[in-house]
$ cat target.cif   # mmCIF, C-alpha atoms
data_my_file
loop_
_atom_site.label_atom_id
_atom_site.label_comp_id
_atom_site.auth_asym_id
_atom_site.auth_seq_id
_atom_site.Cartn_x
_atom_site.Cartn_y
_atom_site.Cartn_z
CA MET V 77 10.46 3.50 19.89
CA THR V 78 13.74 5.46 19.88
CA GLY V 79 15.63 2.55 21.38
CA TYR V 80 14.18 0.17 18.82
CA LEU V 81 15.20 2.58 16.02
CA LEU V 82 18.78 2.79 17.29
CA ARG V 83 19.05 -0.97 17.54
CA ARG V 84 17.81 -1.40 13.98
CA LEU V 85 20.23 1.27 12.72
CA ALA V 86 23.09 -0.53 14.47
CA GLN V 87 22.13 -3.67 12.55
CA VAL V 88 21.85 -1.86 9.22
CA LEU V 89 25.38 -0.39 9.18
CA PRO V 90 27.26 -3.75 9.18
CA VAL V 91 24.85 -5.04 6.53
CA ALA V 92 25.56 -2.00 4.35
CA LEU V 93 29.34 -2.55 4.72
CA LEU V 94 28.96 -6.23 3.85
CA VAL V 95 26.88 -5.34 0.80
CA ALA V 96 29.51 -2.84 -0.37
CA THR V 97 32.26 -5.47 0.04
CA LEU V 98 30.30 -8.12 -1.86
CA VAL V 99 29.49 -5.69 -4.66
CA PHE V 100 33.15 -4.72 -5.05
CA SER V 101 34.34 -8.34 -4.97
CA LEU V 102 31.76 -9.75 -7.38
CA ILE V 103 32.19 -6.96 -9.94
CA HIS V 104 35.92 -7.65 -10.21
CA LEU V 105 35.21 -11.33 -10.86
CA ILE V 106 33.32 -10.50 -14.07
CA PRO V 107 35.41 -11.80 -16.99
CA GLY V 108 36.73 -9.29 -19.51
CA ASP V 109 39.05 -6.30 -19.53
CA PRO V 110 37.28 -2.91 -19.53
CA VAL V 111 40.39 -1.14 -20.83
CA ALA V 112 40.75 -3.46 -23.82
CA LEU V 113 37.03 -3.08 -24.49
CA MET V 114 37.29 0.72 -24.42
CA LEU V 115 40.33 0.92 -26.72
CA GLY V 116 39.40 -1.93 -29.06
CA ASP V 117 41.26 -5.01 -30.20
CA GLY V 118 43.78 -3.04 -32.27
CA ALA V 119 45.07 -0.91 -29.39
CA ARG V 120 48.77 -0.85 -28.63
CA ALA V 121 50.00 -2.44 -25.44
CA ALA V 122 51.50 0.87 -24.29
CA ASP V 123 48.15 2.63 -24.68
CA VAL V 124 46.39 -0.13 -22.77
CA GLU V 125 48.85 0.10 -19.88
CA ALA V 126 48.66 3.91 -19.82
CA LEU V 127 44.87 3.91 -19.59
CA ARG V 128 44.96 1.14 -17.00
CA HIS V 129 47.29 3.26 -14.87
CA GLN V 130 45.14 6.36 -15.39
CA LEU V 131 42.04 4.51 -14.17
CA GLY V 132 43.88 2.93 -11.24
CA LEU V 133 43.21 -0.63 -12.46
CA ASP V 134 46.90 -1.54 -12.25
CA GLN V 135 46.88 -1.22 -8.47
CA PRO V 136 46.52 -4.24 -6.18
CA LEU V 137 42.94 -5.23 -5.50
CA TRP V 138 43.15 -4.31 -1.82
CA LYS V 139 44.24 -0.76 -2.69
CA GLN V 140 41.33 -0.46 -5.09
CA TYR V 141 39.04 -1.70 -2.31
CA VAL V 142 40.36 0.83 0.20
CA GLY V 143 39.95 3.59 -2.38
CA PHE V 144 36.40 2.39 -3.06
CA LEU V 145 35.44 2.52 0.63
CA THR V 146 37.15 5.89 1.11
CA GLY V 147 35.28 7.37 -1.84
CA LEU V 148 32.06 5.78 -0.63
CA ALA V 149 32.45 7.47 2.76
CA ARG V 150 32.75 10.81 0.92
CA GLY V 151 29.79 10.05 -1.36
CA ASP V 152 32.14 9.67 -4.33
CA LEU V 153 31.60 6.53 -6.39
CA GLY V 154 34.17 7.44 -9.02
CA ALA V 155 33.69 8.18 -12.69
CA SER V 156 32.15 5.96 -15.34
CA LEU V 157 34.77 4.34 -17.56
CA HIS V 158 32.51 4.55 -20.61
CA TYR V 159 30.51 7.76 -20.16
CA GLY V 160 33.25 9.78 -18.49
CA LYS V 161 30.76 11.28 -16.03
CA PRO V 162 30.58 10.88 -12.24
CA VAL V 163 28.71 7.72 -11.27
CA THR V 164 26.59 9.65 -8.77
CA THR V 165 25.42 11.94 -11.58
CA LEU V 166 24.41 9.02 -13.80
CA LEU V 167 22.60 7.31 -10.93
CA ALA V 168 20.78 10.52 -10.02
CA GLU V 169 19.63 10.85 -13.65
CA HIS V 170 18.30 7.29 -13.97
CA PHE V 171 17.14 6.27 -10.48
CA PRO V 172 13.99 8.48 -10.47
CA ALA V 173 12.67 6.59 -13.50
CA THR V 174 13.20 3.25 -11.76
CA LEU V 175 11.59 4.52 -8.57
CA GLU V 176 8.63 5.84 -10.58
CA LEU V 177 8.19 2.47 -12.27
CA ALA V 178 8.47 0.57 -8.97
CA LEU V 179 5.86 2.81 -7.33
CA ALA V 180 3.53 2.42 -10.31
CA GLY V 181 3.97 -1.36 -10.21
CA MET V 182 3.20 -1.36 -6.49
CA LEU V 183 0.08 0.74 -7.12
CA VAL V 184 -1.13 -1.72 -9.77
CA ALA V 185 -0.50 -4.62 -7.38
CA LEU V 186 -2.44 -2.97 -4.54
CA LEU V 187 -5.36 -1.96 -6.75
CA LEU V 188 -5.72 -5.57 -7.87
CA ALA V 189 -4.81 -7.45 -4.70
CA LEU V 190 -6.68 -5.58 -1.97
CA PRO V 191 -10.21 -5.81 -3.45
CA LEU V 192 -9.73 -9.40 -4.61
CA GLY V 193 -8.18 -10.52 -1.33
CA ILE V 194 -10.84 -8.85 0.82
CA LEU V 195 -13.72 -10.21 -1.27
CA ALA V 196 -12.19 -13.68 -1.26
CA ALA V 197 -11.89 -13.62 2.54
CA LEU V 198 -15.50 -12.47 2.93
CA HIS V 199 -16.84 -15.08 0.48
CA ARG V 200 -14.65 -18.09 1.16
CA ASP V 201 -15.17 -21.09 -1.08
CA GLY V 202 -17.48 -19.05 -3.30
CA TRP V 203 -16.95 -18.17 -6.94
CA ILE V 204 -15.15 -14.92 -6.01
CA ASP V 205 -12.72 -16.90 -3.88
CA HIS V 206 -12.05 -19.33 -6.74
CA VAL V 207 -11.50 -16.45 -9.19
CA SER V 208 -9.06 -14.75 -6.82
CA ARG V 209 -7.13 -18.00 -6.32
CA PHE V 210 -6.89 -18.51 -10.07
CA PHE V 211 -5.70 -14.92 -10.55
CA ALA V 212 -3.11 -15.30 -7.78
CA LEU V 213 -1.78 -18.51 -9.31
CA LEU V 214 -1.68 -16.93 -12.75
CA GLY V 215 0.06 -13.82 -11.46
CA VAL V 216 2.91 -15.65 -9.75
CA SER V 217 3.30 -18.12 -12.63
CA VAL V 218 3.58 -15.75 -15.60
CA PRO V 219 7.13 -14.34 -15.94
CA ASN V 220 7.78 -10.68 -16.75
CA PHE V 221 9.84 -11.47 -19.84
CA TRP V 222 6.78 -13.21 -21.37
CA LEU V 223 4.01 -10.90 -20.14
CA GLY V 224 5.76 -7.71 -21.29
CA PRO V 225 6.08 -8.66 -24.99
CA VAL V 226 2.51 -10.02 -25.01
CA LEU V 227 1.18 -6.70 -23.68
CA ILE V 228 3.22 -4.85 -26.30
CA LEU V 229 1.81 -7.02 -29.10
CA LEU V 230 -1.78 -6.53 -27.93
CA PHE V 231 -2.02 -2.95 -26.66
CA ALA V 232 0.76 -1.21 -28.60
CA ILE V 233 0.99 -2.99 -31.94
CA HIS V 234 -2.33 -4.74 -32.55
CA TRP V 235 -4.73 -2.20 -30.99
CA ASN V 236 -2.37 0.82 -31.05
CA LEU V 237 -3.69 2.09 -27.69
CA LEU V 238 -0.49 2.62 -25.73
CA PRO V 239 3.16 3.53 -26.50
CA VAL V 240 5.55 0.68 -27.26
CA SER V 241 8.53 1.93 -25.28
CA GLY V 242 10.23 4.91 -23.68
CA ARG V 243 9.26 7.29 -20.90
CA GLY V 244 6.92 9.83 -22.39
CA GLY V 245 4.14 10.42 -19.91
CA VAL V 246 1.50 8.52 -17.98
CA LEU V 247 0.43 6.34 -20.92
CA SER V 248 3.98 5.05 -21.43
CA LEU V 249 3.97 3.92 -17.79
CA VAL V 250 0.87 1.71 -18.05
CA LEU V 251 2.30 -1.40 -19.73
CA PRO V 252 5.56 -1.54 -17.72
CA ALA V 253 3.64 -1.02 -14.48
CA ILE V 254 1.19 -3.83 -15.28
CA THR V 255 4.07 -6.11 -16.25
CA LEU V 256 5.93 -5.36 -13.03
CA GLY V 257 2.94 -5.37 -10.69
CA THR V 258 1.07 -8.48 -11.83
CA ALA V 259 3.32 -11.01 -10.09
CA LEU V 260 3.24 -9.00 -6.85
CA ALA V 261 -0.56 -8.69 -7.13
CA GLY V 262 -0.87 -12.48 -7.20
CA LEU V 263 1.27 -12.85 -4.08
CA LEU V 264 -0.52 -10.07 -2.19
CA THR V 265 -3.98 -11.42 -3.10
CA ARG V 266 -3.20 -14.72 -1.41
CA MET V 267 -1.64 -12.93 1.55
CA VAL V 268 -4.60 -10.57 2.08
CA ARG V 269 -7.09 -13.40 1.74
CA SER V 270 -5.40 -15.73 4.23
CA SER V 271 -4.58 -13.01 6.77
CA LEU V 272 -8.05 -11.45 6.75
CA ALA V 273 -9.80 -14.82 6.81
CA GLU V 274 -7.84 -15.72 9.93
CA GLU V 275 -8.87 -12.47 11.65
CA LEU V 276 -12.54 -13.03 10.82
CA GLU V 277 -12.52 -16.21 12.94
CA LYS V 278 -11.02 -14.65 16.05
CA PRO V 279 -13.10 -14.10 19.23
CA TYR V 280 -13.09 -10.30 19.07
CA MET V 281 -14.82 -10.44 15.67
CA VAL V 282 -17.42 -12.88 16.99
CA THR V 283 -18.01 -10.52 19.95
CA ALA V 284 -18.33 -7.49 17.68
CA ARG V 285 -20.92 -9.28 15.55
CA ALA V 286 -22.78 -10.50 18.65
CA LYS V 287 -23.09 -6.90 19.86
CA GLY V 288 -24.92 -6.01 16.67
CA LEU V 289 -22.08 -4.42 14.65
CA HIS V 290 -22.66 -4.87 10.94
CA ARG V 291 -20.31 -7.35 9.29
CA HIS V 292 -18.84 -4.86 6.83
CA ARG V 293 -18.25 -2.28 9.58
CA ALA V 294 -16.63 -4.92 11.79
CA VAL V 295 -14.32 -5.89 8.93
CA LEU V 296 -13.36 -2.31 8.09
CA ILE V 297 -12.95 -1.10 11.68
CA HIS V 298 -11.38 -4.12 13.39
CA ALA V 299 -10.32 -6.96 11.11
CA MET V 300 -8.62 -4.85 8.42
CA LYS V 301 -6.33 -3.08 10.91
CA ASN V 302 -5.02 -6.34 12.35
CA GLY V 303 -5.20 -8.42 9.19
CA LEU V 304 -3.15 -6.04 7.08
CA ILE V 305 -0.16 -5.89 9.46
CA PRO V 306 1.60 -8.94 7.94
CA VAL V 307 0.57 -7.72 4.49
CA ILE V 308 2.39 -4.43 5.12
CA THR V 309 5.52 -6.40 5.93
CA VAL V 310 5.29 -8.29 2.65
CA ILE V 311 4.66 -5.05 0.75
CA GLY V 312 7.81 -3.51 2.20
CA LEU V 313 9.93 -6.54 1.37
CA GLN V 314 8.51 -6.86 -2.12
CA PHE V 315 9.04 -3.19 -2.92
CA GLY V 316 12.77 -3.84 -2.79
CA ALA V 317 12.22 -6.80 -5.10
CA LEU V 318 10.38 -4.51 -7.53
CA LEU V 319 13.53 -2.41 -7.89
CA THR V 320 15.55 -5.45 -8.94
CA GLY V 321 12.72 -6.91 -11.03
CA ALA V 322 12.51 -3.62 -12.91
CA ILE V 323 15.77 -4.49 -14.69
CA ILE V 324 14.01 -6.97 -17.00
CA THR V 325 10.95 -4.77 -17.44
CA GLU V 326 13.06 -1.70 -18.24
CA THR V 327 14.97 -3.66 -20.86
CA ILE V 328 11.76 -4.88 -22.53
CA PHE V 329 10.15 -1.44 -22.65
CA SER V 330 13.35 0.60 -23.17
CA TRP V 331 12.57 2.42 -19.95
CA PRO V 332 15.44 4.85 -19.16
CA GLY V 333 15.93 3.69 -15.60
CA LEU V 334 18.68 2.28 -13.46
CA GLY V 335 18.10 -1.32 -14.57
CA ARG V 336 18.67 -0.54 -18.25
CA LEU V 337 21.74 1.51 -17.34
CA LEU V 338 23.12 -1.43 -15.34
CA ILE V 339 22.68 -3.83 -18.26
CA GLN V 340 24.65 -1.46 -20.50
CA ALA V 341 27.32 -0.99 -17.83
CA ILE V 342 27.77 -4.76 -17.41
CA ARG V 343 28.07 -5.22 -21.17
CA LEU V 344 30.71 -2.47 -21.31
CA ARG V 345 32.56 -3.77 -18.20
CA ASP V 346 32.12 -0.35 -16.61
CA TYR V 347 33.21 -1.34 -13.08
CA PRO V 348 32.50 1.93 -11.21
CA LEU V 349 29.04 2.30 -12.76
CA VAL V 350 28.06 -1.32 -12.07
CA GLN V 351 29.33 -1.04 -8.50
CA GLY V 352 27.42 2.17 -7.92
CA GLY V 353 24.19 0.89 -9.47
CA VAL V 354 24.14 -2.43 -7.63
CA LEU V 355 25.11 -0.73 -4.40
CA LEU V 356 22.30 1.82 -4.76
CA ILE V 357 19.72 -0.92 -5.33
CA ALA V 358 21.05 -2.97 -2.39
CA VAL V 359 21.13 -0.02 0.01
CA THR V 360 17.63 1.00 -1.08
CA TYR V 361 16.47 -2.55 -0.36
CA VAL V 362 18.04 -2.41 3.12
CA LEU V 363 16.48 0.99 3.87
CA VAL V 364 13.05 -0.17 2.70
CA ASN V 365 13.32 -3.17 5.02
CA LEU V 366 14.28 -0.83 7.87
CA LEU V 367 11.28 1.42 7.22
CA THR V 368 9.05 -1.65 7.05
CA ASP V 369 10.30 -2.86 10.44
CA LEU V 370 9.68 0.57 11.94
CA LEU V 371 6.17 0.73 10.49
CA TYR V 372 5.46 -2.79 11.75
CA ALA V 373 6.68 -1.85 15.23
CA TRP V 374 4.53 1.29 15.18
CA LEU V 375 1.41 -0.67 14.21
CA ASP V 376 2.12 -3.51 16.65
CA PRO V 377 3.89 -2.24 19.81
CA ARG V 378 4.50 -5.81 20.96
CA ILE V 379 7.36 -6.00 18.43
CA ARG V 380 9.22 -3.19 20.21
CA TYR V 381 8.87 -4.75 23.63
CA GLU V 382 9.77 -8.27 22.51
CA LYS V 383 13.09 -7.01 21.14
CA ALA V 384 13.86 -4.65 24.00
#
$ encode --input "target.cif" --output "structure tokens"
Amino acid sequence: MTGYLLRRLAQVLPVALLVATLVFSLIHLIPGDPVALMLGDGARAADVEALRHQLGLDQPLWKQYVGFLTGLARGDLGASLHYGKPVTTLLAEHFPATLELALAGMLVALLLALPLGILAALHRDGWIDHVSRFFALLGVSVPNFWLGPVLILLFAIHWNLLPVSGRGGVLSLVLPAITLGTALAGLLTRMVRSSLAEELEKPYMVTARAKGLHRHRAVLIHAMKNGLIPVITVIGLQFGALLTGAIITETIFSWPGLGRLLIQAIRLRDYPLVQGGVLLIAVTYVLVNLLTDLLYAWLDPRIRYEKA
């Protein structure tokens, strides 16, 4: 297992460097001048050049890139052009809210997908199976930017049951979590159903039933362990997607997370803040994939030996 971990870490480091390079390059291709935006249209040319020199934006792009990588190695992502605070401080203030929302969305997805997927696999071609298929299709078809406002209109404005926006406790988390987790629930329902249905047809399940083991016990003890291995992989991959998908949801519900901060930073052409935010999301995605691979290898030792 240690050798497999080292090999995966050796693959992650070049990916992280490539991600940092792409983030730096793409951010500087965004049209607009952050200095002119900060000082306004009526600013004097001398003031614009002075601020540009102060921020280091008058240096060649390669020097800015070297400075970016050097600061990144020290854990220094620079200071926000708009807020005047260290980027790491701003990210540390907003990332917990995004992580909380992503975890809540994942919890909603699992609470919906696991029971539906398991029941659909146990009652294939029955009415439960048809309901689960319809729910899965609906979940992956309805976009967040439509579902979020509909939930606000129903539960916050019409029925006045839940808060409209903001982060003010458990109740304020309900609507954003449902909005974020519904699409993932649809995908996971189909995945659980197909994976578990395949395991139910394998010889070891037929043998277990022939020996007198009750069907539900056979499913829980044997089929679930093997059938959920590919589902765990999808969960790990989709958790990273939840972090990026939270940008739209945070904007709809005014959730004070990293996604909403990134939207504001892009609008303000705040290069260091956008770089730091996108880089944090990308690195988190890479680390989640690494943890998923390790968990997969722990559950199925054949993965470790195949890649030895």
$ atom_distance --input "target.cif" --atom1 "atom CA of Arg200 of chain V" --atom2 "atom CA of Leu213 of chain V"
16.6 Å
$ closest_atom_pairs --input "target.cif" --of "segment 158-187 of chain V" --to "segment 317-321 of chain V" --cutoff "9 Å" --atoms "all atoms listed in the file" --output "JSON lines"
{"residue": "V:Thr174", "atom": "CA", "partner": "V:Leu319", "partner_atom": "CA", "distance": 6.9}
{"residue": "V:Leu175", "atom": "CA", "partner": "V:Leu319", "partner_atom": "CA", "distance": 7.2}
{"residue": "V:Leu177", "atom": "CA", "partner": "V:Leu319", "partner_atom": "CA", "distance": 8.5}
{"residue": "V:Ala178", "atom": "CA", "partner": "V:Leu318", "partner_atom": "CA", "distance": 5.6}
{"residue": "V:Leu179", "atom": "CA", "partner": "V:Leu318", "partner_atom": "CA", "distance": 8.6}
{"residue": "V:Gly181", "atom": "CA", "partner": "V:Leu318", "partner_atom": "CA", "distance": 7.6}
{"residue": "V:Met182", "atom": "CA", "partner": "V:Leu318", "partner_atom": "CA", "distance": 7.9}
$ closest_atom_pairs --input "target.cif" --of "segment 138-181 of chain V" --to "segment 324-346 of chain V" --cutoff "10 Å" --atoms "all atoms listed in the file" --output "JSON lines"
{"residue": "V:Ala155", "atom": "CA", "partner": "V:Asp346", "partner_atom": "CA", "distance": 9.5}
{"residue": "V:Ser156", "atom": "CA", "partner": "V:Asp346", "partner_atom": "CA", "distance": 6.4}
{"residue": "V:Leu157", "atom": "CA", "partner": "V:Asp346", "partner_atom": "CA", "distance": 5.5}
{"residue": "V:His158", "atom": "CA", "partner": "V:Asp346", "partner_atom": "CA", "distance": 6.3}
{"residue": "V:Tyr159", "atom": "CA", "partner": "V:Asp346", "partner_atom": "CA", "distance": 9.0}
{"residue": "V:Leu166", "atom": "CA", "partner": "V:Leu337", "partner_atom": "CA", "distance": 8.7}
{"residue": "V:Leu167", "atom": "CA", "partner": "V:Leu334", "partner_atom": "CA", "distance": 6.9}
{"residue": "V:Ala168", "atom": "CA", "partner": "V:Leu334", "partner_atom": "CA", "distance": 9.2}
{"residue": "V:Glu169", "atom": "CA", "partner": "V:Gly333", "partner_atom": "CA", "distance": 8.3}
{"residue": "V:His170", "atom": "CA", "partner": "V:Gly333", "partner_atom": "CA", "distance": 4.6}
{"residue": "V:Phe171", "atom": "CA", "partner": "V:Leu334", "partner_atom": "CA", "distance": 5.2}
{"residue": "V:Pro172", "atom": "CA", "partner": "V:Gly333", "partner_atom": "CA", "distance": 7.3}
{"residue": "V:Ala173", "atom": "CA", "partner": "V:Gly333", "partner_atom": "CA", "distance": 4.8}
{"residue": "V:Thr174", "atom": "CA", "partner": "V:Gly333", "partner_atom": "CA", "distance": 4.7}
{"residue": "V:Leu175", "atom": "CA", "partner": "V:Gly333", "partner_atom": "CA", "distance": 8.3}
{"residue": "V:Glu176", "atom": "CA", "partner": "V:Gly333", "partner_atom": "CA", "distance": 9.1}
{"residue": "V:Leu177", "atom": "CA", "partner": "V:Gly333", "partner_atom": "CA", "distance": 8.5}
$ atom_distance --input "target.cif" --atom1 "atom CA of His199 of chain V" --atom2 "atom CA of Leu272 of chain V"
11.4 Å
$ residues_around --input "target.cif" --residues "His206 of chain V" --least-positions-apart "3" --cutoff "12 Å" --atoms "all atoms listed in the file" --output "PyMOL selection string"
chain V and resi 192-193+195-197+199-203+209-213+265-266+269
$ write_last_selection --input "target.cif" --atoms "C-alpha atoms" --output "short mmCIF file (atom, residue, chain, number, x, y, z; two decimals), keeping the file's coordinate frame"
data_model
loop_
_atom_site.label_atom_id
_atom_site.label_comp_id
_atom_site.auth_asym_id
_atom_site.auth_seq_id
_atom_site.Cartn_x
_atom_site.Cartn_y
_atom_site.Cartn_z
CA LEU V 192 -9.73 -9.40 -4.61
CA GLY V 193 -8.18 -10.52 -1.33
CA LEU V 195 -13.72 -10.21 -1.27
CA ALA V 196 -12.19 -13.68 -1.26
CA ALA V 197 -11.89 -13.62 2.54
CA HIS V 199 -16.84 -15.08 0.48
CA ARG V 200 -14.65 -18.09 1.16
CA ASP V 201 -15.17 -21.09 -1.08
CA GLY V 202 -17.48 -19.05 -3.30
CA TRP V 203 -16.95 -18.17 -6.94
CA ARG V 209 -7.13 -18.00 -6.32
CA PHE V 210 -6.89 -18.51 -10.07
CA PHE V 211 -5.70 -14.92 -10.55
CA ALA V 212 -3.11 -15.30 -7.78
CA LEU V 213 -1.78 -18.51 -9.31
CA THR V 265 -3.98 -11.42 -3.10
CA ARG V 266 -3.20 -14.72 -1.41
CA ARG V 269 -7.09 -13.40 1.74
#
$ residues_near_point --input "target.cif" --point "(26.2, 0.9, -6.1)" --cutoff "12 Å" --atoms "all atoms listed in the file" --output "ChimeraX atom specification"
/V:92-93,95-100,103,144-145,147-148,151-154,163-164,166-168,171,334-335,338,341,347-361
$ build_atoms --input "target.cif" --residues "segment 178-196 of chain V" --atoms "N, CA and C atoms" --output "CSV table (one decimal), in the coordinates of the input"
chain,number,residue,atom,x,y,z
V,178,ALA,N,8.7,1.5,-10.1
V,178,ALA,CA,8.5,0.6,-9.0
V,178,ALA,C,7.2,1.0,-8.2
V,179,LEU,N,7.0,2.3,-8.0
V,179,LEU,CA,5.9,2.8,-7.3
V,179,LEU,C,4.6,2.5,-8.1
V,180,ALA,N,4.7,2.7,-9.5
V,180,ALA,CA,3.5,2.4,-10.3
V,180,ALA,C,3.2,0.9,-10.3
V,181,GLY,N,4.2,0.1,-10.3
V,181,GLY,CA,4.0,-1.4,-10.2
V,181,GLY,C,3.3,-1.7,-8.9
V,182,MET,N,3.8,-1.1,-7.8
V,182,MET,CA,3.2,-1.4,-6.5
V,182,MET,C,1.7,-0.9,-6.5
V,183,LEU,N,1.5,0.2,-7.1
V,183,LEU,CA,0.1,0.7,-7.1
V,183,LEU,C,-0.8,-0.2,-7.9
V,184,VAL,N,-0.4,-0.7,-9.0
V,184,VAL,CA,-1.1,-1.7,-9.8
V,184,VAL,C,-1.4,-3.0,-8.9
V,185,ALA,N,-0.4,-3.4,-8.2
V,185,ALA,CA,-0.5,-4.6,-7.4
V,185,ALA,C,-1.5,-4.4,-6.3
V,186,LEU,N,-1.5,-3.2,-5.6
V,186,LEU,CA,-2.4,-3.0,-4.5
V,186,LEU,C,-3.9,-2.8,-5.1
V,187,LEU,N,-4.0,-2.1,-6.2
V,187,LEU,CA,-5.4,-2.0,-6.8
V,187,LEU,C,-6.0,-3.3,-7.1
V,188,LEU,N,-5.2,-4.3,-7.5
V,188,LEU,CA,-5.7,-5.6,-7.9
V,188,LEU,C,-5.9,-6.5,-6.7
V,189,ALA,N,-4.9,-6.5,-5.8
V,189,ALA,CA,-4.8,-7.4,-4.7
V,189,ALA,C,-5.8,-7.1,-3.6
V,190,LEU,N,-5.9,-5.9,-3.1
V,190,LEU,CA,-6.7,-5.6,-2.0
V,190,LEU,C,-8.2,-5.9,-2.2
V,191,PRO,N,-8.8,-5.4,-3.3
V,191,PRO,CA,-10.2,-5.8,-3.4
V,191,PRO,C,-10.4,-7.3,-3.6
V,192,LEU,N,-9.6,-8.0,-4.4
V,192,LEU,CA,-9.7,-9.4,-4.6
V,192,LEU,C,-9.5,-10.2,-3.3
V,193,GLY,N,-8.5,-9.8,-2.6
V,193,GLY,CA,-8.2,-10.5,-1.3
V,193,GLY,C,-9.3,-10.3,-0.3
V,194,ILE,N,-9.8,-9.1,-0.2
V,194,ILE,CA,-10.8,-8.8,0.8
V,194,ILE,C,-12.1,-9.6,0.4
V,195,LEU,N,-12.5,-9.5,-0.8
V,195,LEU,CA,-13.7,-10.2,-1.3
V,195,LEU,C,-13.6,-11.7,-1.1
V,196,ALA,N,-12.4,-12.2,-1.4
V,196,ALA,CA,-12.2,-13.7,-1.3
V,196,ALA,C,-12.3,-14.1,0.2
